[in-house]
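Trainee: Provided below: input_13.cif, containing mmCIF, C-alpha atoms.
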```cif
data_my_file
#
loop_
_atom_site.label_atom_id
_atom_site.label_comp_id
_atom_site.auth_asym_id
_atom_site.auth_seq_id
_atom_site.Cartn_x
_atom_site.Cartn_y
_atom_site.Cartn_z
CA MET A 41 16.96 -41.06 -35.19
CA ALA A 42 14.65 -42.88 -32.81
CA GLN A 43 14.48 -41.02 -29.52
CA THR A 44 14.44 -43.97 -27.18
CA ASN A 45 17.47 -43.47 -24.97
CA PRO A 46 18.11 -40.50 -22.65
CA GLN A 47 21.09 -39.40 -24.68
CA ASP A 48 19.03 -38.89 -27.81
CA LYS A 49 16.29 -37.15 -25.85
CA ALA A 50 18.83 -34.82 -24.30
CA ARG A 51 20.30 -34.15 -27.72
CA SER A 52 16.96 -33.17 -29.22
CA ALA A 53 16.21 -31.04 -26.13
CA LEU A 54 19.55 -29.35 -26.80
CA GLY A 55 18.46 -28.64 -30.38
CA ARG A 56 15.14 -27.14 -29.24
CA TYR A 57 16.95 -25.02 -26.68
CA ARG A 58 19.43 -23.75 -29.29
CA LEU A 59 16.58 -22.76 -31.63
CA MET A 60 14.63 -21.02 -28.89
CA ALA A 61 17.72 -19.28 -27.53
CA TRP A 62 18.37 -17.77 -30.95
CA ILE A 63 14.75 -16.77 -31.55
CA THR A 64 14.37 -15.34 -28.04
CA GLY A 65 17.68 -13.48 -28.30
CA SER A 66 16.75 -11.98 -31.67
CA MET A 67 13.29 -11.04 -30.43
CA LEU A 68 14.82 -9.40 -27.38
CA LEU A 69 17.04 -7.24 -29.60
CA LEU A 70 13.98 -6.24 -31.63
CA LEU A 71 12.22 -5.48 -28.34
CA CYS A 72 15.06 -3.18 -27.29
CA LEU A 73 14.82 -1.43 -30.64
CA GLU A 74 11.06 -1.06 -30.21
CA VAL A 75 11.46 0.34 -26.71
CA VAL A 76 14.04 2.87 -27.93
CA LEU A 77 11.91 3.90 -30.92
CA HIS A 78 8.75 4.26 -28.84
CA TYR A 79 9.95 5.64 -25.52
CA VAL A 80 13.19 7.42 -26.45
CA VAL A 81 12.59 8.60 -30.03
CA GLY A 82 8.88 8.97 -29.26
CA ILE A 83 7.36 7.28 -32.30
CA SER A 84 3.73 6.42 -31.58
CA LYS A 85 2.63 2.77 -31.48
CA ASP A 86 0.46 3.26 -34.56
CA ARG A 87 3.36 4.43 -36.66
CA LEU A 88 5.60 1.55 -35.57
CA GLY A 89 3.61 -0.85 -37.75
CA VAL A 90 4.54 -4.48 -37.18
CA PHE A 91 7.03 -3.36 -34.52
CA GLN A 92 4.24 -2.57 -32.06
CA TYR A 93 3.57 -6.31 -31.69
CA VAL A 94 7.14 -7.13 -30.68
CA PRO A 95 6.54 -6.97 -26.89
CA PHE A 96 3.50 -9.19 -27.33
CA ALA A 97 5.44 -11.70 -29.43
CA HIS A 98 8.44 -11.70 -27.10
CA GLY A 99 6.16 -12.58 -24.17
CA TRP A 100 4.86 -15.73 -25.84
CA ILE A 101 8.24 -16.70 -27.30
CA TYR A 102 9.72 -16.44 -23.83
CA VAL A 103 7.07 -18.88 -22.57
CA VAL A 104 8.24 -21.42 -25.18
CA TYR A 105 11.88 -20.62 -24.41
CA LEU A 106 11.31 -21.35 -20.72
CA ALA A 107 9.72 -24.68 -21.56
CA ALA A 108 12.78 -25.58 -23.67
CA VAL A 109 15.13 -24.46 -20.88
CA LEU A 110 13.36 -26.47 -18.17
CA ASP A 111 13.29 -29.52 -20.42
CA LEU A 112 16.99 -29.37 -21.28
CA TRP A 113 18.06 -28.47 -17.76
CA THR A 114 16.26 -31.40 -16.15
CA LYS A 115 17.61 -33.77 -18.80
CA MET A 116 21.18 -32.52 -18.34
CA ARG A 117 20.96 -32.38 -14.52
CA TRP A 118 22.90 -29.17 -14.25
CA THR A 119 23.19 -26.97 -11.17
CA TYR A 120 20.50 -24.56 -10.01
CA GLY A 121 22.82 -21.66 -10.76
CA ARG A 122 22.85 -22.63 -14.41
CA LEU A 123 19.04 -22.84 -14.41
CA VAL A 124 18.80 -19.29 -13.08
CA ALA A 125 21.29 -18.12 -15.72
CA MET A 126 19.33 -19.80 -18.51
CA VAL A 127 16.05 -18.31 -17.30
CA LEU A 128 17.59 -14.83 -17.10
CA ALA A 129 19.21 -15.16 -20.53
CA GLY A 130 15.77 -14.83 -22.11
CA VAL A 131 15.30 -11.33 -20.71
CA VAL A 132 18.82 -9.89 -20.67
CA PRO A 133 19.81 -8.65 -24.14
CA VAL A 134 22.57 -10.62 -25.92
CA MET A 135 22.96 -12.94 -22.89
CA SER A 136 21.09 -15.80 -24.55
CA PHE A 137 23.58 -15.91 -27.45
CA VAL A 138 26.59 -15.97 -25.14
CA LEU A 139 25.10 -18.50 -22.75
CA GLU A 140 23.87 -20.71 -25.57
CA ARG A 141 27.43 -21.19 -26.81
CA ARG A 142 28.63 -22.27 -23.37
CA VAL A 143 25.62 -24.46 -22.69
CA HIS A 144 25.95 -26.12 -26.05
CA ALA A 145 29.66 -26.77 -25.60
CA ASP A 146 29.10 -28.21 -22.11
CA ALA A 147 26.32 -30.45 -23.33
CA GLU A 148 28.32 -31.64 -26.33
CA ALA A 149 31.25 -32.53 -24.06
CA VAL A 150 29.02 -34.78 -22.00
CA LEU A 151 26.79 -36.17 -24.70
CA GLU A 152 29.21 -36.88 -27.48
CA PRO A 153 30.94 -40.00 -26.15
CA ASP A 154 27.62 -41.75 -25.61
CA THR A 155 26.38 -40.90 -29.06
CA LEU A 156 29.55 -42.32 -30.53
CA ALA A 157 29.24 -45.41 -28.38
CA ALA A 158 25.67 -45.89 -29.63
CA MET B 447 6.05 -38.49 -20.17
CA PRO B 448 7.62 -41.71 -18.85
CA PRO B 449 10.39 -41.24 -16.32
CA GLU B 450 13.82 -41.45 -17.81
CA SER B 451 15.99 -44.36 -16.97
CA PRO B 452 19.32 -43.36 -15.49
CA VAL B 453 22.33 -43.20 -17.71
CA PRO B 454 23.92 -46.62 -17.76
CA GLY B 455 26.91 -46.97 -15.55
CA PRO B 456 27.75 -47.48 -11.90
CA GLU B 457 25.78 -45.40 -9.37
CA PRO B 458 27.71 -45.68 -6.15
CA VAL B 459 26.88 -42.33 -4.54
CA TRP B 460 23.27 -41.53 -5.45
CA PRO B 461 20.34 -42.97 -3.47
CA ALA B 462 18.56 -46.02 -4.82
CA PRO B 463 15.34 -45.49 -6.78
CA THR B 464 12.32 -44.97 -4.56
CA SER B 465 8.64 -44.02 -4.89
CA PHE B 466 7.45 -40.57 -5.96
CA ALA B 467 5.84 -39.97 -2.55
CA ARG B 468 8.97 -40.94 -0.62
CA ALA B 469 11.12 -38.72 -2.81
CA ALA B 470 8.62 -35.86 -2.46
CA VAL B 471 8.97 -35.68 1.32
CA ARG B 472 12.75 -35.57 1.37
CA PRO B 473 13.85 -32.27 2.97
CA ARG B 474 15.49 -30.87 -0.15
CA MET B 475 12.38 -31.60 -2.24
CA ILE B 476 10.20 -29.95 0.43
CA ALA B 477 12.54 -26.96 0.43
CA LEU B 478 12.39 -26.82 -3.35
CA LEU B 479 8.60 -27.05 -3.20
CA LEU B 480 8.40 -24.11 -0.80
CA ILE B 481 10.62 -21.99 -3.03
CA LEU B 482 8.68 -22.92 -6.16
CA LEU B 483 5.31 -22.38 -4.43
CA ALA B 484 6.51 -18.91 -3.45
CA ALA B 485 7.58 -18.30 -7.05
CA ALA B 486 4.24 -19.59 -8.36
CA GLY B 487 2.44 -17.37 -5.85
CA VAL B 488 4.36 -14.31 -7.05
CA CYS B 489 3.57 -15.24 -10.67
CA GLY B 490 -0.11 -15.69 -9.81
CA ARG B 491 -0.20 -12.31 -8.10
CA LEU B 492 1.52 -10.62 -11.04
CA GLY B 493 -1.04 -12.26 -13.34
CA VAL B 494 -3.87 -10.79 -11.27
CA TRP B 495 -2.16 -7.41 -11.42
CA GLN B 496 -1.97 -7.62 -15.21
CA LEU B 497 -5.62 -8.66 -15.34
CA ASP B 498 -6.51 -5.54 -13.33
CA ARG B 499 -4.41 -3.49 -15.74
CA ALA B 500 -6.25 -5.12 -18.64
CA LYS B 501 -9.61 -4.08 -17.16
CA GLU B 502 -8.37 -0.62 -16.31
CA ARG B 503 -6.94 0.00 -19.76
CA GLY B 504 -10.07 -1.49 -21.36
CA ALA B 505 -12.21 0.96 -19.40
CA GLN B 506 -9.79 3.78 -20.21
CA ASN B 507 -10.12 3.00 -23.89
CA ALA B 508 -13.91 2.92 -23.59
CA ARG B 509 -13.86 6.31 -21.89
CA ALA B 510 -11.68 7.70 -24.68
CA VAL B 511 -14.10 6.35 -27.31
CA GLN B 512 -16.98 7.80 -25.31
CA ALA B 513 -15.32 11.20 -25.00
CA ALA B 514 -14.54 11.21 -28.72
CA ARG B 515 -18.18 10.45 -29.49
CA GLU B 516 -19.49 13.13 -27.18
CA SER B 517 -17.22 15.78 -28.62
CA THR B 518 -18.26 15.09 -32.22
CA THR B 519 -20.75 17.37 -33.85
CA PRO B 520 -24.12 15.72 -34.38
CA VAL B 521 -24.78 14.22 -37.80
CA PRO B 522 -28.25 14.03 -39.42
CA LEU B 523 -30.13 10.95 -38.27
CA GLY B 524 -30.56 9.82 -41.88
CA ALA B 525 -26.79 9.54 -42.28
CA VAL B 526 -26.62 6.96 -39.51
CA LEU B 527 -29.88 5.07 -39.37
CA ALA B 528 -32.81 4.60 -41.75
CA PRO B 529 -36.27 3.47 -40.64
CA GLN B 530 -36.84 -0.29 -40.45
CA THR B 531 -33.15 -1.14 -40.75
CA ARG B 532 -31.02 -3.06 -38.32
CA PHE B 533 -29.50 -1.14 -35.42
CA THR B 534 -25.87 -2.13 -34.96
CA ALA B 535 -23.66 -1.93 -31.88
CA GLU B 536 -21.47 0.87 -33.23
CA MET B 537 -24.53 3.11 -33.52
CA VAL B 538 -24.96 3.15 -29.73
CA GLY B 539 -24.09 6.57 -28.39
CA ARG B 540 -23.79 8.23 -31.82
CA ARG B 541 -24.70 11.90 -31.68
CA VAL B 542 -27.43 12.73 -34.16
CA ALA B 543 -29.71 15.64 -34.99
CA VAL B 544 -33.23 15.23 -36.31
CA ALA B 545 -36.26 17.42 -36.95
CA GLY B 546 -39.89 16.40 -36.67
CA ALA B 547 -43.09 16.78 -34.71
CA PHE B 548 -43.97 15.07 -31.45
CA ASP B 549 -47.19 13.10 -31.28
CA ALA B 550 -48.36 13.87 -27.73
CA SER B 551 -51.20 11.35 -27.91
CA GLY B 552 -48.75 8.45 -28.27
CA GLN B 553 -46.63 9.45 -25.28
CA LEU B 554 -45.78 6.77 -22.68
CA LEU B 555 -43.99 6.75 -19.34
CA VAL B 556 -41.36 4.06 -18.88
CA ARG B 557 -41.44 2.97 -15.25
CA ASP B 558 -38.66 1.93 -12.87
CA ARG B 559 -35.87 3.86 -14.53
CA THR B 560 -33.06 5.43 -12.49
CA ARG B 561 -31.29 8.71 -12.94
CA ASP B 562 -28.54 9.67 -10.49
CA GLY B 563 -29.60 6.77 -8.28
CA ARG B 564 -33.26 7.78 -8.03
CA THR B 565 -36.00 5.64 -9.50
CA GLY B 566 -38.62 7.37 -11.62
CA PHE B 567 -40.02 7.43 -15.13
CA LEU B 568 -38.67 8.12 -18.59
CA VAL B 569 -40.83 10.23 -20.86
CA LEU B 570 -41.10 8.38 -24.17
CA THR B 571 -42.66 10.31 -27.03
CA PRO B 572 -43.04 9.34 -30.70
CA LEU B 573 -41.43 11.80 -33.09
CA ARG B 574 -42.74 11.96 -36.67
CA VAL B 575 -39.46 12.50 -38.46
CA GLN B 576 -39.24 15.09 -41.21
CA GLU B 577 -37.04 14.21 -44.15
CA SER B 578 -35.14 17.45 -43.88
CA ALA B 579 -35.53 20.49 -41.71
CA SER B 580 -35.64 22.77 -44.76
CA THR B 581 -38.44 21.15 -46.74
CA GLY B 582 -40.35 19.89 -43.74
CA ALA B 583 -41.51 16.93 -45.80
CA SER B 584 -42.67 14.12 -43.57
CA THR B 585 -41.41 10.60 -44.08
CA ASP B 586 -44.09 9.31 -41.73
CA ALA B 587 -41.38 7.30 -39.99
CA VAL B 588 -41.59 7.23 -36.21
CA LEU B 589 -38.58 7.64 -33.95
CA PRO B 590 -39.02 6.72 -30.27
CA VAL B 591 -37.58 9.64 -28.32
CA VAL B 592 -36.72 9.59 -24.63
CA ARG B 593 -37.19 13.25 -23.75
CA GLY B 594 -35.96 12.84 -20.19
CA TRP B 595 -36.68 11.64 -16.68
CA VAL B 596 -39.35 12.62 -14.15
CA PRO B 597 -39.46 11.49 -10.51
CA SER B 598 -43.12 10.45 -10.58
CA ALA B 599 -46.03 9.92 -12.96
CA ASP B 600 -47.97 12.73 -11.25
CA VAL B 601 -45.78 15.69 -12.18
CA GLY B 602 -48.65 17.24 -14.14
CA ALA B 603 -49.81 17.47 -17.74
CA THR B 604 -48.02 20.77 -18.41
CA VAL B 605 -44.66 19.30 -17.42
CA LEU B 606 -45.18 16.19 -19.50
CA ALA B 607 -46.52 17.95 -22.59
CA PRO B 608 -44.01 17.91 -25.47
CA PRO B 609 -43.25 21.08 -27.47
CA VAL B 610 -45.78 21.63 -30.25
CA GLY B 611 -44.97 21.98 -33.92
CA THR B 612 -41.64 21.33 -35.62
CA VAL B 613 -38.89 20.56 -33.13
CA HIS B 614 -35.15 20.16 -33.60
CA VAL B 615 -33.75 17.38 -31.47
CA THR B 616 -30.13 16.59 -30.72
CA GLY B 617 -29.29 13.48 -28.77
CA PHE B 618 -27.72 10.06 -28.58
CA LEU B 619 -28.86 6.88 -30.27
CA GLN B 620 -29.57 3.87 -28.14
CA ALA B 621 -30.45 0.27 -29.00
CA SER B 622 -34.04 -0.87 -28.66
CA GLU B 623 -34.94 -3.10 -25.72
CA ALA B 624 -36.76 -6.41 -25.58
CA ALA B 625 -40.54 -6.11 -25.62
CA GLY B 626 -42.23 -5.47 -22.28
CA SER B 627 -45.81 -4.81 -21.29
CA ILE B 628 -47.75 -1.62 -22.00
CA ASP B 629 -50.49 -0.60 -19.57
CA ASP B 630 -53.12 1.27 -21.61
CA ALA B 631 -54.98 2.68 -18.60
CA THR B 632 -51.97 4.56 -17.22
CA ALA B 633 -50.07 4.89 -20.52
CA GLN B 634 -47.06 3.26 -18.86
CA THR B 635 -44.63 0.64 -20.15
CA ASP B 636 -41.60 -1.17 -18.80
CA ALA B 637 -39.61 -1.33 -22.03
CA ILE B 638 -38.52 0.84 -24.96
CA SER B 639 -39.07 -1.66 -27.72
CA SER B 640 -39.48 -0.52 -31.31
CA ALA B 641 -40.91 -3.90 -32.25
CA GLN B 642 -43.67 -3.39 -29.71
CA LEU B 643 -44.17 0.35 -30.17
CA VAL B 644 -44.74 -0.01 -33.91
CA ASN B 645 -48.04 -1.75 -33.11
CA ARG B 646 -49.13 1.22 -31.08
CA TRP B 647 -47.69 4.08 -33.07
CA GLY B 648 -47.80 2.68 -36.59
CA GLY B 649 -44.84 2.40 -38.92
CA PRO B 650 -42.41 2.64 -40.37
CA ILE B 651 -40.38 2.87 -37.19
CA TYR B 652 -36.69 3.25 -36.40
CA SER B 653 -35.09 0.21 -34.76
CA GLY B 654 -33.30 2.31 -32.13
CA TYR B 655 -34.37 5.22 -30.00
CA LEU B 656 -33.05 8.69 -29.34
CA VAL B 657 -32.08 10.06 -25.94
CA VAL B 658 -32.54 13.83 -25.95
CA SER B 659 -29.70 16.08 -24.89
CA ARG B 660 -31.06 19.27 -26.47
CA LEU B 661 -34.49 20.25 -27.72
CA VAL B 662 -35.53 23.39 -29.68
CA PRO B 663 -38.04 24.77 -28.79
CA ALA B 664 -37.32 23.83 -25.20
CA GLN B 665 -39.42 21.43 -23.16
CA SER B 666 -40.30 21.80 -19.48
CA ALA B 667 -37.20 22.09 -17.33
CA ASP B 668 -38.74 19.56 -14.95
CA VAL B 669 -38.15 16.84 -17.51
CA LEU B 670 -34.51 16.11 -16.73
CA VAL B 671 -32.31 15.03 -19.64
CA LEU B 672 -30.26 11.85 -19.34
CA GLN B 673 -26.55 11.29 -19.55
CA PRO B 674 -25.32 9.88 -22.87
CA PRO B 675 -25.40 6.08 -23.02
CA THR B 676 -22.10 4.49 -22.08
CA VAL B 677 -20.08 2.52 -24.58
CA GLN B 678 -21.03 -1.12 -24.26
CA GLY B 679 -18.54 -3.93 -23.74
CA ALA B 680 -15.67 -1.86 -22.34
CA GLY B 681 -13.66 -5.06 -22.68
CA LEU B 682 -10.14 -5.95 -21.67
CA ASN B 683 -6.85 -4.71 -23.03
CA LEU B 684 -5.58 -7.71 -24.99
CA GLN B 685 -1.91 -7.05 -24.36
CA ASN B 686 -2.31 -7.00 -20.58
CA LEU B 687 -4.59 -10.02 -20.79
CA ALA B 688 -1.80 -11.88 -22.60
CA TYR B 689 0.71 -10.80 -19.95
CA ALA B 690 -1.64 -12.11 -17.25
CA ALA B 691 -1.88 -15.46 -19.03
CA GLN B 692 1.90 -15.59 -19.37
CA TRP B 693 2.44 -15.01 -15.65
CA TRP B 694 0.05 -17.82 -14.81
CA ILE B 695 1.83 -20.11 -17.25
CA PHE B 696 5.14 -19.28 -15.54
CA GLY B 697 3.52 -20.18 -12.22
CA GLY B 698 2.36 -23.46 -13.74
CA PHE B 699 5.92 -24.11 -14.96
CA ALA B 700 7.21 -23.76 -11.39
CA LEU B 701 4.80 -26.41 -10.12
CA PHE B 702 5.37 -28.74 -13.07
CA PHE B 703 9.10 -28.31 -12.59
CA TRP B 704 8.81 -29.57 -9.01
CA THR B 705 7.03 -32.78 -10.03
CA ARG B 706 9.74 -33.33 -12.61
CA MET B 707 12.46 -32.84 -10.00
CA VAL B 708 10.76 -35.23 -7.58
CA ARG B 709 10.46 -37.83 -10.33
CA ASP B 710 14.15 -37.59 -11.06
CA GLU B 711 14.84 -37.77 -7.32
CA ALA B 712 12.68 -40.89 -7.09
CA ASP B 713 14.55 -42.46 -10.00
CA GLY B 714 17.80 -41.66 -8.28
CA VAL B 715 19.12 -39.80 -11.31
CA ARG B 716 19.80 -36.37 -9.79
CA GLY B 717 23.38 -35.41 -10.16
CA PRO B 718 25.45 -34.33 -13.13
CA ARG B 719 24.91 -36.16 -16.37
CA ARG B 720 28.12 -37.76 -17.44
CA ALA B 721 29.50 -39.74 -20.28
CA VAL B 722 29.88 -43.47 -19.78
CA ASP B 723 33.60 -43.39 -20.12
CA ALA B 724 34.05 -40.51 -17.70
CA THR B 725 31.92 -41.54 -14.76
CA ALA B 726 34.41 -42.00 -11.99
CA ASP B 727 35.87 -38.51 -11.86
CA ARG B 728 32.57 -36.73 -12.43
CA VAL B 729 30.29 -38.38 -9.89
CA GLY B 730 28.91 -35.82 -7.48
CA ALA B 731 30.79 -32.99 -9.14
CA GLY B 732 27.84 -30.66 -9.61
CA ALA B 733 25.31 -31.93 -7.10
CA PRO B 734 22.82 -29.29 -6.01
#
```
Could you quickly redo this structure as structure tokens?
Mentor:
Amino acid sequence: MAQTNPQDKARSALGRYRLMAWITGSMLLLLCLEVVLHYVVGISKDRLGVFQYVPFAHGWIYVVYLAAVLDLWTKMRWTYGRLVAMVLAGVVPVMSFVLERRVHADAEAVLEPDTLAA
Amino acid sequence: MPPESPVPGPEPVWPAPTSFARAAVRPRMIALLLILLAAAGVCGRLGVWQLDRAKERGAQNARAVQAARESTTPVPLGAVLAPQTRFTAEMVGRRVAVAGAFDASGQLLVRDRTRDGRTGFLVLTPLRVQESASTGASTDAVLPVVRGWVPSADVGATVLAPPVGTVHVTGFLQASEAAGSIDDATAQTDAISSAQLVNRWGGPIYSGYLVVSRLVPAQSADVLVLQPPTVQGAGLNLQNLAYAAQWWIFGGFALFFWTRMVRDEADGVRGPRRAVDATADRVGAGAP
């Protein structure tokens, strides 16, 4: 699919956002688990193995997530309130999954007719 | 990225396309800029804070490494460093014990060295290392030993004289310095350089030197021992450094976001995206 018209660009931005929302959401759940294991259960960082790198990974994944959010949001011309919600969804556990469903449905509702027309 | 063309369809409400500059000075774009600049400023400040944390935690880690080194029991010099072999960074500050005999005739004073903020001289004496304290067999290898610090070169021969006979030295290893100049008349030098000292003392020589913390039999109390060398390259905590970078990227996003908004404003495309066949009832519905 050649990405020449705004509709197609928005659609691929929507795909990138969906991917990042899922990755960020999953990473955030792992982060919560890591925080509980380290600070509540009291397992030392060394004994957490790969888990000790979760906060580090989440930080960089969130950077990519934000880029995807800004890209989609500007293409879809949503309200500022939605932008704030999408930005927050990357740091509030489970929120990204819930919001992604709504965002995706809203975008589909607007994008679909044009795609069919094209 | 080329600016997007507006979605095809009638545009009765939204302003006509204009230039980037004209769009940028519209009140709502200025307001947005101020908000985003504030956000970018906060991000920048948080980045600086994380950078400070990175330094602090790097230094903390270095102190912990240092403390761990200082609390270890000394190991025989031979277990760490052999004569004429390369001195590596992780040897700096290692606690070692060695036995040997000082060669008083080779002793030098290293000028312009500070201890507790005062400038004076280091007393640098060649130690003929004995293979092991028990056999007393000499290896003939020379270890440069900094016995301590004196405030001036005129403290007297008795103060500067090293203990005679077999001595047992405990101290910290330090990396050799770049060659300096040795003044034969005063027996003073400005560098502790094994490469240079080997010409004067003969070899084989050790590629690092030892800073005395304890000497048996004792030397003059007027030769003040030095603090252990500090761990080099305290470095930055990588995690906090990454957080700092991330905050600055977020700040960059805020500024980039503004240019993107102005571009859309200039193109006259701000407003809710809508499907071609549903324009009329959606125009202006979600305008910011």
Trainee: Written as an MDAnalysis selection string, which residues does the PyMOL selection byres ((chain B and resi 625-639) around 12) give for the file shown?
Mentor: chainID B and resid 550:559 566:572 589:592 598:600 620:624 640:647 651:657
Trainee: Which residues of chain A come within 8 Å of chain B, and for each one, what is the closest pair of atoms and their distance in Å to one decimal, counting all atoms listed in the file, sorted by chain and residue number, as a Markdown table?
Mentor:
```
| residue | atom | partner | partner_atom | distance |
| --- | --- | --- | --- | --- |
| A:Pro46 | CA | B:Glu450 | CA | 6.5 |
| A:Phe96 | CA | B:Gln685 | CA | 6.5 |
| A:Gly99 | CA | B:Gln692 | CA | 7.1 |
| A:Trp100 | CA | B:Gln692 | CA | 7.1 |
| A:Val103 | CA | B:Gln692 | CA | 6.9 |
| A:Ala107 | CA | B:Phe699 | CA | 7.6 |
| A:Leu110 | CA | B:Phe703 | CA | 7.3 |
| A:Thr114 | CA | B:Met707 | CA | 7.4 |
| A:Met116 | CA | B:Arg719 | CA | 5.6 |
| A:Arg117 | CA | B:Pro718 | CA | 5.1 |
| A:Trp118 | CA | B:Pro718 | CA | 5.9 |
| A:Thr119 | CA | B:Pro734 | CA | 5.7 |
| A:Tyr120 | CA | B:Pro734 | CA | 6.6 |
| A:Val150 | CA | B:Ala721 | CA | 5.3 |
| A:Leu151 | CA | B:Ala721 | CA | 6.3 |
| A:Glu152 | CA | B:Ala721 | CA | 7.8 |
| A:Pro153 | CA | B:Ala721 | CA | 6.0 |
| A:Asp154 | CA | B:Ala721 | CA | 6.0 |
```
Trainee: Please identify all polymer residues within 12 Å of Ser66 of chain A, counting only C-alpha atoms, omitting same-chain residues fewer than 6 positions from it, and present them as a list in words.
Mentor: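 With the cut-off at 12 Å, the set is Leu59, Met60, Cys72, Leu73, Val94, Ala97, His98, Ile101, Tyr102, Ala129, Gly130, Val131, Val132, Pro133, Val134, Met135, Ser136 and Phe137 of chain A.
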Trainee: Could the residues in this selection be saved with C-alpha atoms as an mmCIF file, in the frame of the given file?
Mentor:
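Ended up saving to selection06.cif:
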```cif
data_model
loop_
_atom_site.group_PDB
_atom_site.id
_atom_site.type_symbol
_atom_site.label_atom_id
_atom_site.label_comp_id
_atom_site.auth_asym_id
_atom_site.auth_seq_id
_atom_site.Cartn_x
_atom_site.Cartn_y
_atom_site.Cartn_z
ATOM 1 C CA LEU A 59 16.580 -22.760 -31.630
ATOM 2 C CA MET A 60 14.630 -21.020 -28.890
ATOM 3 C CA CYS A 72 15.060 -3.180 -27.290
ATOM 4 C CA LEU A 73 14.820 -1.430 -30.640
ATOM 5 C CA VAL A 94 7.140 -7.130 -30.680
ATOM 6 C CA ALA A 97 5.440 -11.700 -29.430
ATOM 7 C CA HIS A 98 8.440 -11.700 -27.100
ATOM 8 C CA ILE A 101 8.240 -16.700 -27.300
ATOM 9 C CA TYR A 102 9.720 -16.440 -23.830
ATOM 10 C CA ALA A 129 19.210 -15.160 -20.530
ATOM 11 C CA GLY A 130 15.770 -14.830 -22.110
ATOM 12 C CA VAL A 131 15.300 -11.330 -20.710
ATOM 13 C CA VAL A 132 18.820 -9.890 -20.670
ATOM 14 C CA PRO A 133 19.810 -8.650 -24.140
ATOM 15 C CA VAL A 134 22.570 -10.620 -25.920
ATOM 16 C CA MET A 135 22.960 -12.940 -22.890
ATOM 17 C CA SER A 136 21.090 -15.800 -24.550
ATOM 18 C CA PHE A 137 23.580 -15.910 -27.450
#
```
Trainee: Which is closer to Ser666 of chain B than all the others in B:Arg593, B:His614, B:Arg709, B:Arg515, using only C-alpha atoms?
Mentor: B:Arg593
Trainee: Distance atom CA of Arg58 of chain A-atom CA of Met126 of chain A, one decimal place?
Mentor: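 Going from atom CA of Arg58 of chain A over to atom CA of Met126 of chain A covers 11.5 Å.
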Trainee: Work out how far atom CA of Ala690 of chain B is from atom CA of Gln496 of chain B, in Å to one decimal.
Mentor: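 Computing the Euclidean distance for atom CA of Gln496 of chain B and atom CA of Ala690 of chain B yields 4.9 Å.
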Trainee: Rounded to one decimal, what separation in Å do you get between atom CA of Ala712 of chain B and atom CA of Val109 of chain A?
Mentor: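 Between atom CA of Ala712 of chain B and atom CA of Val109 of chain A the gap works out to 21.6 Å.
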Trainee: Could the centre and edge lengths of an axis-aligned box, enclosing all atoms of segment 528-537 of chain B in the file with 3 Å extra on each side, be given in Å to one decimal as JSON?
Mentor:
```
{"center_x": -29.2, "center_y": 0.8, "center_z": -36.8, "size_x": 21.4, "size_y": 13.7, "size_z": 15.9}
```
Trainee: Tell me which protein, DNA and RNA residues are within 10 Å of Leu112 of chain A, counting only C-alpha atoms, leaving out same-chain ones fewer than 6 positions away, and put them as number ranges by chain.
Mentor: A: 49-57, 106, 118, 123, 147
Trainee: Just want the 9 Å neighbourhood of Leu670 of chain B, counted on all atoms listed in the file, with same-chain residues fewer than 3 positions away dropped. Output as an NGL selection string.
Mentor: :B and (561 or 593-596 or 666-667)
Trainee: Can you write just those residues out, C-alpha atoms, as a short mmCIF file (atom, residue, chain, number, x, y, z; two decimals), keeping the file's coordinate frame?
Mentor:
```
data_model
loop_
_atom_site.label_atom_id
_atom_site.label_comp_id
_atom_site.auth_asym_id
_atom_site.auth_seq_id
_atom_site.Cartn_x
_atom_site.Cartn_y
_atom_site.Cartn_z
CA ARG B 561 -31.29 8.71 -12.94
CA ARG B 593 -37.19 13.25 -23.75
CA GLY B 594 -35.96 12.84 -20.19
CA TRP B 595 -36.68 11.64 -16.68
CA VAL B 596 -39.35 12.62 -14.15
CA SER B 666 -40.30 21.80 -19.48
CA ALA B 667 -37.20 22.09 -17.33
#
```
Trainee: To verify the selection step, state as a PyMOL selection string which residues the PyMOL selection byres ((chain B and resi 479-491) around 7) yields on this input.
Mentor: chain B and resi 475-478+492-495+693-694+696-698+700-701+704
